[in-house]
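A.B. asks: Here's a structure for you.
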Amino acid sequence: MYNSADPPLVLMFTGLFIGITSCTAFVVSLKQLLKAWSKNRSTLNLANLQGVQVFFPFLGVGLGICIFLASCLEVFAFSGFIAYGFSLPLTVLMAGLVWYQLTRLFNQLEERGLRGIDLDDLSLGKIIPQQNLPEN
């Protein structure tokens, strides 16, 4: 049974800490690999962008977000089963969609180079209908 006098604040801050430190490691490793790729334009470096060196910190970000979200729900008097039952599928879905977009971006980078990346081609225009603005 949940005791409102004992909210999982330690878990909430632990999840936040895991998410922030993993995000920092993710960004640093991504920058290093992109810098190495820009120097020699090797497809091996792009394969490393989708490898363990980038995926492991990305997994840490997802784990931190899941723990943080579930702990926040537990603070608002949801049971642990309900909180993790909601946050785990939501986190897996969001992380999967972000990883899918990231791999599509890496594929565009490999095929067309840095100047060939089309941010409008990342399927957001297909999901969100765009309205044409009137020209003045």
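By convention in this document, the chains of the structure tokens carry letters A, B, ... by their order, each chain's residues are numbered from 1, and ligands are numbered from 1 in the order they are shown.
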Write out as a list in words the residues lying within 12 Å of Phe13 of chain A, counting only C-alpha atoms and excluding same-chain residues fewer than 3 positions away.

C.D. replies: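 Near neighbours after the sequence-gap exclusion: Pro7, Pro8, Leu9, Val10, Leu16, Phe17, Ile18, Gly19, Ile20, Gly64, Ile65, Ile67, Phe68, Leu69, Ala70, Ser71 and Cys72 of chain A.
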
A.B. asks: What's the separation between atom CA of Phe58 of chain A and atom CA of Ser87 of chain A, in Å to one decimal place?

C.D. replies: 16.7 Å

A.B. asks: One decimal, in Å: what's the spacing between atom CA of Tyr100 of chain A and atom CA of Leu88 of chain A?

C.D. replies: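 Between atom CA of Tyr100 of chain A and atom CA of Leu88 of chain A the gap is 18.0 Å.
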